[in-house]
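Remarks on the structure that follows.
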Amino acid sequence: MGRCDSLAAFTEEPGRITRPYGTPSLAAARDTVARWMRDAGMDVRVDAIGNLRGRIEGSDRPAPALLLGSHLDSVRDAGRYDGPLGILVAIEAVARLRARQQSLPFPIEVLAFADEEGLRFQTTYLGSCALAGAFDPAFLELTDGDDVTLREAMAGFGNPHALADAVLRPNEAFAYVEAHIEQGPYLESVDLPVGVVTGISGQSRILASFKGVAGHAGTVAMDLRRDPLPAAAEIVLSAENLARQTPGLLATVGTIDATPGASNVIAGQVRFSLDVRHPDDAVRNDAVRGLERQTREIAAARALGVEWRVAREHPAVHCDAPLTSRLAEAVSAAGLPVELLPSGAGHDAVVMSEAVPVAMLFVRCGEGVSHHPAESVTTNDVAVAIDVLDEFISALTDERRQ
Ligand SMILES: [Zn+2]
């Protein structure tokens with residue numbers, strides 16, 4: 001908990017936590033975590049994109065490694081646990097193994113990813129993409145708000161010419177396990193410190209608009225209007241209703257922009273976003289298709305133009321069944337009931353699942369708040385997470401030695 005507090009001091013914006021990719025504050029936070037990794041007995045290196053990798057060798061040096069970790073970057077005005085907690089819990093679990101001189105049949109690497117939130121380049125998962133072999137070289141030309149390219153940012157922080165070296169080699173690792181705050185209120189509602197993640201929900205992000213005719217609010221009669229704003233209201237409510245009636249479905253209209261945007265002018269155009277998530281891709285795809293059909297019907301009934309663009313789509317990720325049951329057994333061993341839950345938010349495990357089997361442990365957070373300075377966890381819950389990870393590694397150690 002003290003370390004989470006110390007990392008909160010590394011920021012680009014005094015008074016709040018803002019730690020984007022490739023910045024001096026992230027580099028300084030990385031140096032600090034590197035010191036803690038060394039204290040826990042790890043050899044430390046920085047890879048091409050700037051991820052920090054701490055490693056302890058197993059007795060069988062060429063064996064594939066167990067990867068643990070999370071991300072060290074943050075959103076703007078962040079809390080202090082989203083990301084760093086998963087790194088620090090992993091370091092602590094490794095420190096304990098070492099303190100009791102447990103011999104390991106496989107190496108363990110703790111990863112501190114340099115970019116998950118994508119604050120600076122409007123991307124996500126740059127750090128894990130580099131490891132999973134999913135880094136698109138076109139990303140190097142992306143620019144930040146000051147026209148600095150990712151290539152330039154990487155030059156002082158990693159090495160844009162060595163990206164191929166960052167990719168996990170075949171058999172370099174056998175699993176990636178991430179602890180992370182839940183970012184939702186479920187564990188709090190069932191009064192449990194930790195939960196085991198079954199998978200990460202798929203997501204569709206749609207950008208849509210209705211186009212009508214702007215006019216004077218005092219002169220255009222109601223039956224002569226082609227007002228796109230009530231049409232948007234209809235689809236906002238439809239999305240809410242559909243999600244309420246479909247178990248596990250989440251639908252959110254997070255932005256809505258009416259132009260020209262004056263209180264005495266009928267809007268001419270309304271743009272809105274729609275975010276749809278579900279652990280089952282078929283359910284999500286059905287929902288998106290249904291909402292698109294409704295959007296077009298509403299537009300037709302009101303004689304409006306309509307645009308519907310799927311801006312981003314991520315399929316659901318399933319956590320590895322054997323690893324997940326090991327994690328569940330470790331929770332039981334800590335004397336706790338096992339709560340299985342899907343993750344609605346994306347994590348580095350999404351991308352890592354392209355390279356290795358993944359599992360995730362959620363830690364309860366106060367009122368489900370995240371991406372906000374009020375983010376909180378309790379010392380007790382963090383202690384449970386460390387116990388569970390420690391038990392998980394020990395059980396895996398026994399299993400792999402046989
Ligand atoms: Zn996170």
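The chains in the structure tokens are called A, B, ... from first to last as shown; in each chain the residues are counted from 1, and the ligands are counted from 1 in the order shown.
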(request) Taking the DSSP assignment computed from this structure's backbone, write out as number ranges by chain all residues of segment 135-320 of chain A that belong to strand (DSSP E). (result) A: 173-181, 194-200, 202-211, 215-216, 250-252, 256-259, 265-266, 269-278, 305-314, 317-318
Protein and nucleic residues near ligand 1, 9 Å, only C-alpha atoms and all ligand atoms, as a CSV table (one decimal) with C-alpha atoms, in the first residue's frame:
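Saved to selection.csv:
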```csv
chain,number,residue,atom,x,y,z
A,70,SER,CA,-0.1,-5.4,-15.1
A,71,HIS,CA,0.5,-1.8,-16.3
A,72,LEU,CA,2.3,1.1,-14.9
A,73,ASP,CA,0.8,3.9,-17.1
A,74,SER,CA,-2.4,5.7,-16.1
A,81,TYR,CA,-4.3,1.1,-7.9
A,82,ASP,CA,-5.5,0.5,-11.5
A,83,GLY,CA,-2.4,-1.2,-12.9
A,84,PRO,CA,0.3,-0.7,-10.3
A,86,GLY,CA,-1.1,-6.0,-10.1
A,116,GLU,CA,-2.3,-0.1,-21.4
A,117,GLU,CA,-4.6,2.9,-21.1
A,180,HIS,CA,-6.2,-6.1,-11.0
A,181,ILE,CA,-8.8,-4.0,-9.2
A,183,GLN,CA,-13.3,-1.6,-11.4
A,345,ALA,CA,-13.2,-3.7,-18.8
A,346,GLY,CA,-10.3,-4.6,-21.1
A,347,HIS,CA,-6.9,-5.5,-19.6
A,348,ASP,CA,-3.4,-6.5,-20.8
A,370,SER,CA,-11.8,3.4,-11.0
A,371,HIS,CA,-10.1,5.9,-13.3
```
Using DSSP secondary structure from the backbone, list all helix (DSSP H, G or I) positions within segment 193-359 of chain A, as a compact mmCIF listing (two decimals) with N, CA and C atoms, in the first residue's frame.
```txt
# COMPACT_ATOMS: atom_id res chain seq x y z
N MET A 222 -44.44 21.90 -34.81
CA MET A 222 -43.96 20.57 -34.41
C MET A 222 -44.08 19.56 -35.55
N ASP A 223 -45.20 19.58 -36.29
CA ASP A 223 -45.36 18.55 -37.32
C ASP A 223 -44.55 18.84 -38.59
N LEU A 224 -43.85 19.98 -38.62
CA LEU A 224 -42.99 20.27 -39.77
C LEU A 224 -41.51 20.06 -39.45
N PRO A 228 -33.44 15.72 -35.02
CA PRO A 228 -32.72 14.47 -34.73
C PRO A 228 -32.57 14.16 -33.24
N LEU A 229 -32.82 15.14 -32.39
CA LEU A 229 -32.55 14.91 -30.96
C LEU A 229 -33.56 13.95 -30.31
N PRO A 230 -34.88 14.09 -30.56
CA PRO A 230 -35.80 13.08 -30.02
C PRO A 230 -35.52 11.69 -30.58
N ALA A 231 -35.01 11.61 -31.81
CA ALA A 231 -34.65 10.30 -32.37
C ALA A 231 -33.53 9.69 -31.54
N ALA A 232 -32.53 10.52 -31.19
CA ALA A 232 -31.42 10.03 -30.36
C ALA A 232 -31.95 9.58 -28.99
N ALA A 233 -32.91 10.36 -28.45
CA ALA A 233 -33.50 9.98 -27.16
C ALA A 233 -34.14 8.60 -27.24
N GLU A 234 -34.81 8.34 -28.37
CA GLU A 234 -35.46 7.02 -28.54
C GLU A 234 -34.43 5.90 -28.51
N ILE A 235 -33.32 6.08 -29.22
CA ILE A 235 -32.35 4.98 -29.30
C ILE A 235 -31.59 4.84 -27.98
N VAL A 236 -31.39 5.93 -27.26
CA VAL A 236 -30.75 5.85 -25.94
C VAL A 236 -31.60 4.96 -25.02
N LEU A 237 -32.93 5.20 -25.04
CA LEU A 237 -33.82 4.41 -24.18
C LEU A 237 -33.92 2.96 -24.68
N SER A 238 -33.91 2.77 -26.01
CA SER A 238 -33.96 1.41 -26.55
C SER A 238 -32.75 0.61 -26.11
N ALA A 239 -31.58 1.25 -26.17
CA ALA A 239 -30.35 0.55 -25.78
C ALA A 239 -30.42 0.18 -24.30
N GLU A 240 -30.92 1.09 -23.48
CA GLU A 240 -31.04 0.80 -22.06
C GLU A 240 -32.01 -0.35 -21.81
N ASN A 241 -33.16 -0.31 -22.48
CA ASN A 241 -34.15 -1.37 -22.30
C ASN A 241 -33.61 -2.73 -22.73
N LEU A 242 -32.97 -2.75 -23.90
CA LEU A 242 -32.44 -4.02 -24.40
C LEU A 242 -31.44 -4.60 -23.40
N ALA A 243 -30.55 -3.74 -22.88
CA ALA A 243 -29.53 -4.23 -21.96
C ALA A 243 -30.16 -4.69 -20.64
N ARG A 244 -31.19 -3.99 -20.19
CA ARG A 244 -31.86 -4.41 -18.95
C ARG A 244 -32.56 -5.76 -19.11
N GLN A 245 -33.00 -6.03 -20.34
CA GLN A 245 -33.75 -7.28 -20.57
C GLN A 245 -32.85 -8.44 -20.97
N ASP A 281 -19.85 -13.38 -27.48
CA ASP A 281 -19.83 -12.57 -28.71
C ASP A 281 -21.15 -12.64 -29.48
N ALA A 282 -21.81 -13.81 -29.46
CA ALA A 282 -23.05 -13.97 -30.22
C ALA A 282 -24.13 -13.04 -29.66
N VAL A 283 -24.21 -12.96 -28.34
CA VAL A 283 -25.21 -12.09 -27.70
C VAL A 283 -24.92 -10.63 -28.04
N ARG A 284 -23.64 -10.25 -27.98
CA ARG A 284 -23.26 -8.86 -28.29
C ARG A 284 -23.58 -8.53 -29.75
N ASN A 285 -23.22 -9.45 -30.65
CA ASN A 285 -23.46 -9.18 -32.07
C ASN A 285 -24.95 -9.04 -32.36
N ASP A 286 -25.77 -9.90 -31.73
CA ASP A 286 -27.23 -9.79 -31.89
C ASP A 286 -27.71 -8.43 -31.43
N ALA A 287 -27.21 -8.01 -30.28
CA ALA A 287 -27.64 -6.73 -29.70
C ALA A 287 -27.28 -5.57 -30.62
N VAL A 288 -26.05 -5.62 -31.14
CA VAL A 288 -25.59 -4.53 -32.02
C VAL A 288 -26.43 -4.50 -33.29
N ARG A 289 -26.69 -5.67 -33.86
CA ARG A 289 -27.51 -5.72 -35.08
C ARG A 289 -28.91 -5.19 -34.80
N GLY A 290 -29.49 -5.59 -33.66
CA GLY A 290 -30.84 -5.13 -33.30
C GLY A 290 -30.88 -3.61 -33.12
N LEU A 291 -29.87 -3.08 -32.47
CA LEU A 291 -29.86 -1.62 -32.23
C LEU A 291 -29.63 -0.86 -33.53
N GLU A 292 -28.84 -1.44 -34.42
CA GLU A 292 -28.63 -0.77 -35.72
C GLU A 292 -29.96 -0.73 -36.49
N ARG A 293 -30.68 -1.87 -36.48
CA ARG A 293 -31.96 -1.93 -37.19
C ARG A 293 -32.91 -0.88 -36.62
N GLN A 294 -32.97 -0.80 -35.28
CA GLN A 294 -33.86 0.17 -34.65
C GLN A 294 -33.48 1.60 -34.99
N THR A 295 -32.16 1.85 -35.01
CA THR A 295 -31.68 3.20 -35.34
C THR A 295 -32.14 3.59 -36.73
N ARG A 296 -32.04 2.66 -37.66
CA ARG A 296 -32.45 2.96 -39.05
C ARG A 296 -33.97 3.12 -39.13
N GLU A 297 -34.72 2.32 -38.36
CA GLU A 297 -36.18 2.44 -38.37
C GLU A 297 -36.62 3.79 -37.81
N ILE A 298 -35.96 4.19 -36.71
CA ILE A 298 -36.30 5.48 -36.09
C ILE A 298 -36.02 6.61 -37.09
N ALA A 299 -34.88 6.51 -37.78
CA ALA A 299 -34.52 7.54 -38.76
C ALA A 299 -35.56 7.59 -39.88
N ALA A 300 -35.97 6.40 -40.35
CA ALA A 300 -36.94 6.35 -41.45
C ALA A 300 -38.27 6.96 -41.01
N ALA A 301 -38.72 6.62 -39.81
CA ALA A 301 -40.01 7.11 -39.33
C ALA A 301 -40.01 8.62 -39.15
N ALA A 321 -9.07 -22.34 -18.84
CA ALA A 321 -9.84 -23.10 -17.83
C ALA A 321 -8.94 -23.74 -16.76
N PRO A 322 -7.88 -24.47 -17.14
CA PRO A 322 -7.05 -25.07 -16.08
C PRO A 322 -6.40 -24.02 -15.16
N LEU A 323 -5.89 -22.92 -15.73
CA LEU A 323 -5.27 -21.89 -14.88
C LEU A 323 -6.31 -21.25 -13.97
N THR A 324 -7.51 -21.04 -14.53
CA THR A 324 -8.57 -20.41 -13.75
C THR A 324 -9.00 -21.30 -12.61
N SER A 325 -9.06 -22.63 -12.83
CA SER A 325 -9.43 -23.48 -11.69
C SER A 325 -8.31 -23.55 -10.66
N ARG A 326 -7.04 -23.47 -11.10
CA ARG A 326 -5.94 -23.37 -10.11
C ARG A 326 -6.11 -22.12 -9.25
N LEU A 327 -6.46 -21.03 -9.92
CA LEU A 327 -6.63 -19.76 -9.20
C LEU A 327 -7.80 -19.88 -8.21
N ALA A 328 -8.87 -20.54 -8.67
CA ALA A 328 -10.04 -20.74 -7.80
C ALA A 328 -9.65 -21.60 -6.59
N GLU A 329 -8.84 -22.63 -6.83
CA GLU A 329 -8.39 -23.48 -5.71
C GLU A 329 -7.55 -22.66 -4.72
N ALA A 330 -6.76 -21.74 -5.24
CA ALA A 330 -5.95 -20.90 -4.35
C ALA A 330 -6.84 -19.98 -3.51
N VAL A 331 -7.94 -19.54 -4.08
CA VAL A 331 -8.90 -18.72 -3.31
C VAL A 331 -9.52 -19.58 -2.21
N SER A 332 -9.92 -20.82 -2.56
CA SER A 332 -10.47 -21.74 -1.56
C SER A 332 -9.47 -22.00 -0.44
N ALA A 333 -8.20 -22.18 -0.85
CA ALA A 333 -7.16 -22.46 0.14
C ALA A 333 -7.01 -21.30 1.12
N ASP A 348 -4.53 -5.94 -20.06
CA ASP A 348 -3.40 -6.48 -20.81
C ASP A 348 -3.61 -7.95 -21.15
N ALA A 349 -4.37 -8.65 -20.29
CA ALA A 349 -4.61 -10.08 -20.53
C ALA A 349 -5.33 -10.32 -21.86
N VAL A 350 -6.07 -9.32 -22.35
CA VAL A 350 -6.75 -9.46 -23.65
C VAL A 350 -5.71 -9.74 -24.73
N VAL A 351 -4.67 -8.92 -24.77
CA VAL A 351 -3.65 -9.06 -25.82
C VAL A 351 -2.73 -10.23 -25.51
N MET A 352 -2.38 -10.41 -24.23
CA MET A 352 -1.48 -11.51 -23.87
C MET A 352 -2.10 -12.87 -24.23
```
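Residue nearest Cys319 of chain A within the list A:Thr198, A:Thr246, A:Thr379, A:Asn264: A:Thr198 [criterion: smallest interatomic distance, only C-alpha atoms].
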(message) Applying 8 Å and only C-alpha atoms, which residues near Gly366 of chain A remain after dropping the ones on its own chain fewer than 4 positions away? List them as a PyMOL selection string.
(response) chain A and resi 185+188+375-377
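Taking only C-alpha atoms into account, Glu367 of chain A lies nearest to A:Ser189 out of the set A:Ser189, A:Thr397, A:Thr18, A:Ser25.
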So that I can see what lies close to Ala9 of chain A, please list as a CSV table (one decimal) with N, CA and C atoms, in the first residue's frame the residues with an atom at most 10 Å from it, counting only C-alpha atoms and leaving out residues fewer than 3 positions away in the same chain.
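Wrote around37.csv, looks like this:
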```
chain,number,residue,atom,x,y,z
A,4,CYS,N,2.2,1.7,-3.5
A,4,CYS,CA,1.1,2.4,-4.4
A,4,CYS,C,1.1,3.9,-4.1
A,5,ASP,N,1.2,4.3,-2.8
A,5,ASP,CA,1.3,5.7,-2.5
A,5,ASP,C,2.5,6.4,-3.1
A,6,SER,N,3.7,5.7,-3.0
A,6,SER,CA,4.9,6.3,-3.6
A,6,SER,C,4.8,6.5,-5.1
A,12,GLU,N,2.8,13.6,-14.5
A,12,GLU,CA,3.0,14.7,-15.3
A,12,GLU,C,2.2,16.0,-14.9
A,13,GLU,N,1.3,15.8,-14.0
A,13,GLU,CA,0.4,16.9,-13.6
A,13,GLU,C,0.4,16.9,-12.1
A,14,PRO,N,1.2,17.9,-11.5
A,14,PRO,CA,1.2,18.0,-10.1
A,14,PRO,C,-0.2,18.1,-9.5
A,15,GLY,N,-0.4,17.3,-8.4
A,15,GLY,CA,-1.7,17.4,-7.7
A,15,GLY,C,-2.6,16.3,-8.2
A,16,ARG,N,-2.3,15.7,-9.3
A,16,ARG,CA,-3.1,14.5,-9.7
A,16,ARG,C,-2.2,13.5,-10.4
A,17,ILE,N,-2.7,12.2,-10.5
A,17,ILE,CA,-1.9,11.2,-11.1
A,17,ILE,C,-2.2,11.1,-12.6
A,18,THR,N,-1.2,11.5,-13.5
A,18,THR,CA,-1.4,11.4,-14.9
A,18,THR,C,0.0,10.9,-15.4
A,19,ARG,N,0.0,9.6,-15.8
A,19,ARG,CA,1.3,9.0,-16.2
A,19,ARG,C,1.3,8.3,-17.5
A,25,SER,N,7.8,11.0,-16.0
A,25,SER,CA,7.2,10.4,-14.8
A,25,SER,C,7.1,8.9,-14.8
A,28,ALA,N,10.5,7.5,-14.3
A,28,ALA,CA,10.9,7.5,-12.9
A,28,ALA,C,10.2,6.5,-12.1
A,29,ALA,N,8.9,6.3,-12.4
A,29,ALA,CA,8.1,5.2,-11.7
A,29,ALA,C,8.7,3.9,-12.1
A,80,ARG,N,-4.7,5.3,-7.7
A,80,ARG,CA,-3.3,4.8,-7.5
A,80,ARG,C,-3.2,3.3,-7.6
```
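All residues of protein, DNA or RNA that reach within 9 Å of Asn171 of chain A, judged by only C-alpha atoms and not counting those fewer than 6 positions away in the chain, are Pro62, Ala63, Pro64 and Ala65 of chain A.
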What's the 9 Å shell around Gly127 of chain A, counting only C-alpha atoms, without same-chain residues fewer than 6 positions away, as a JSON list (two decimals) with N, CA and C atoms, in the first residue's frame?
```
[["chain", "number", "residue", "atom", "x", "y", "z"],
["A", 49, "ILE", "N", 9.86, -1.54, -26.19],
["A", 49, "ILE", "CA", 8.80, -0.55, -26.11],
["A", 49, "ILE", "C", 8.84, 0.22, -24.78],
["A", 50, "GLY", "N", 9.63, -0.34, -23.83],
["A", 50, "GLY", "CA", 9.77, 0.34, -22.54],
["A", 50, "GLY", "C", 9.10, -0.40, -21.40],
["A", 51, "ASN", "N", 8.63, -1.63, -21.66],
["A", 51, "ASN", "CA", 8.10, -2.45, -20.55],
["A", 51, "ASN", "C", 9.26, -2.83, -19.64],
["A", 71, "HIS", "N", -0.11, -3.03, -15.69],
["A", 71, "HIS", "CA", 0.45, -1.84, -16.35],
["A", 71, "HIS", "C", 0.81, -0.73, -15.36],
["A", 112, "ALA", "N", 5.88, -5.00, -16.00],
["A", 112, "ALA", "CA", 5.22, -3.71, -15.76],
["A", 112, "ALA", "C", 5.06, -3.06, -17.13],
["A", 113, "PHE", "N", 3.85, -3.17, -17.68],
["A", 113, "PHE", "CA", 3.62, -2.69, -19.05],
["A", 113, "PHE", "C", 3.65, -1.17, -19.12],
["A", 114, "ALA", "N", 4.25, -0.68, -20.22],
["A", 114, "ALA", "CA", 4.49, 0.76, -20.37],
["A", 114, "ALA", "C", 3.27, 1.52, -20.90],
["A", 115, "ASP", "N", 2.32, 0.80, -21.48],
["A", 115, "ASP", "CA", 1.12, 1.47, -21.99],
["A", 115, "ASP", "C", -0.01, 0.48, -22.09],
["A", 116, "GLU", "N", -1.04, 0.72, -21.31],
["A", 116, "GLU", "CA", -2.26, -0.06, -21.43],
["A", 116, "GLU", "C", -3.42, 0.88, -21.71],
["A", 135, "PHE", "N", 2.11, -5.89, -32.24],
["A", 135, "PHE", "CA", 2.42, -4.48, -32.44],
["A", 135, "PHE", "C", 2.48, -4.19, -33.95],
["A", 348, "ASP", "N", -4.53, -5.94, -20.06],
["A", 348, "ASP", "CA", -3.40, -6.48, -20.81],
["A", 348, "ASP", "C", -3.61, -7.95, -21.15]]
```
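Across A:Glu182, A:Asp381, A:Asp165, A:Asp257, the tightest approach to Val369 of chain A is made by A:Glu182 when counting only C-alpha atoms.
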Show which residues sit within 10 Å of Arg98 of chain A, as a short mmCIF file (atom, residue, chain, number, x, y, z; two decimals) with N, CA and C atoms, in the first residue's frame. Count only C-alpha atoms, and ignore same-chain residues fewer than 5 positions away.
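Saved as around-v2.cif:
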```
data_model
loop_
_atom_site.label_atom_id
_atom_site.label_comp_id
_atom_site.auth_asym_id
_atom_site.auth_seq_id
_atom_site.Cartn_x
_atom_site.Cartn_y
_atom_site.Cartn_z
N ALA A 40 13.63 -7.79 -4.52
CA ALA A 40 12.96 -9.10 -4.40
C ALA A 40 13.77 -10.20 -5.08
N GLY A 41 14.98 -9.85 -5.54
CA GLY A 41 15.89 -10.87 -6.09
C GLY A 41 15.80 -11.05 -7.58
N MET A 42 15.14 -10.13 -8.27
CA MET A 42 14.94 -10.31 -9.71
C MET A 42 16.05 -9.61 -10.52
N ILE A 56 13.10 -14.00 -12.09
CA ILE A 56 13.92 -14.92 -11.30
C ILE A 56 13.94 -16.24 -12.04
N GLU A 92 5.54 -8.83 -4.63
CA GLU A 92 5.48 -9.29 -3.24
C GLU A 92 5.39 -10.82 -3.18
N ALA A 93 4.60 -11.40 -4.10
CA ALA A 93 4.49 -12.86 -4.12
C ALA A 93 5.86 -13.48 -4.41
N SER A 103 12.19 -23.56 -4.16
CA SER A 103 12.81 -23.78 -5.46
C SER A 103 11.72 -23.82 -6.52
N LEU A 104 12.05 -23.26 -7.67
CA LEU A 104 11.05 -23.12 -8.72
C LEU A 104 11.44 -23.98 -9.92
#
```
I'd like a table as a Markdown table: residues in segment 187-302 of chain A with an atom no more than 8 Å from segment 335-339 of chain A, each row giving the shortest atom pair and its distance in Å to one decimal, only C-alpha atoms counted, sorted by chain and rising residue number.
```
| residue | atom | partner | partner_atom | distance |
| --- | --- | --- | --- | --- |
| A:Leu192 | CA | A:Leu336 | CA | 8.0 |
| A:Val194 | CA | A:Glu339 | CA | 7.7 |
| A:Gly195 | CA | A:Glu339 | CA | 5.0 |
| A:Val196 | CA | A:Glu339 | CA | 6.1 |
```
(request) To one decimal in Å, tell me the separation between atom CA of Phe272 of chain A and atom CA of Arg309 of chain A. (result) 10.8 Å
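Minimum distance to Phe106 of chain A across A:Ala175, A:Ala8, A:Val89, A:Leu126 (counting only C-alpha atoms) occurs at A:Ala175.
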(request) Considering only C-alpha atoms, state which residue in the set A:Pro373, A:Ile108, A:Leu168, A:Ala173 is at the smallest distance from Ala134 of chain A. (result) A:Leu168
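The shortest atom-to-atom distance to Val270 of chain A, with only C-alpha atoms taken into account, belongs to A:Ala214 out of A:Ala214, A:Ala334, A:Ala311, A:Leu250.
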(request) For atom CA of Ser273 of chain A and atom CA of Ala251 of chain A, quote the distance in Å rounded to one decimal. (result) 10.3 Å
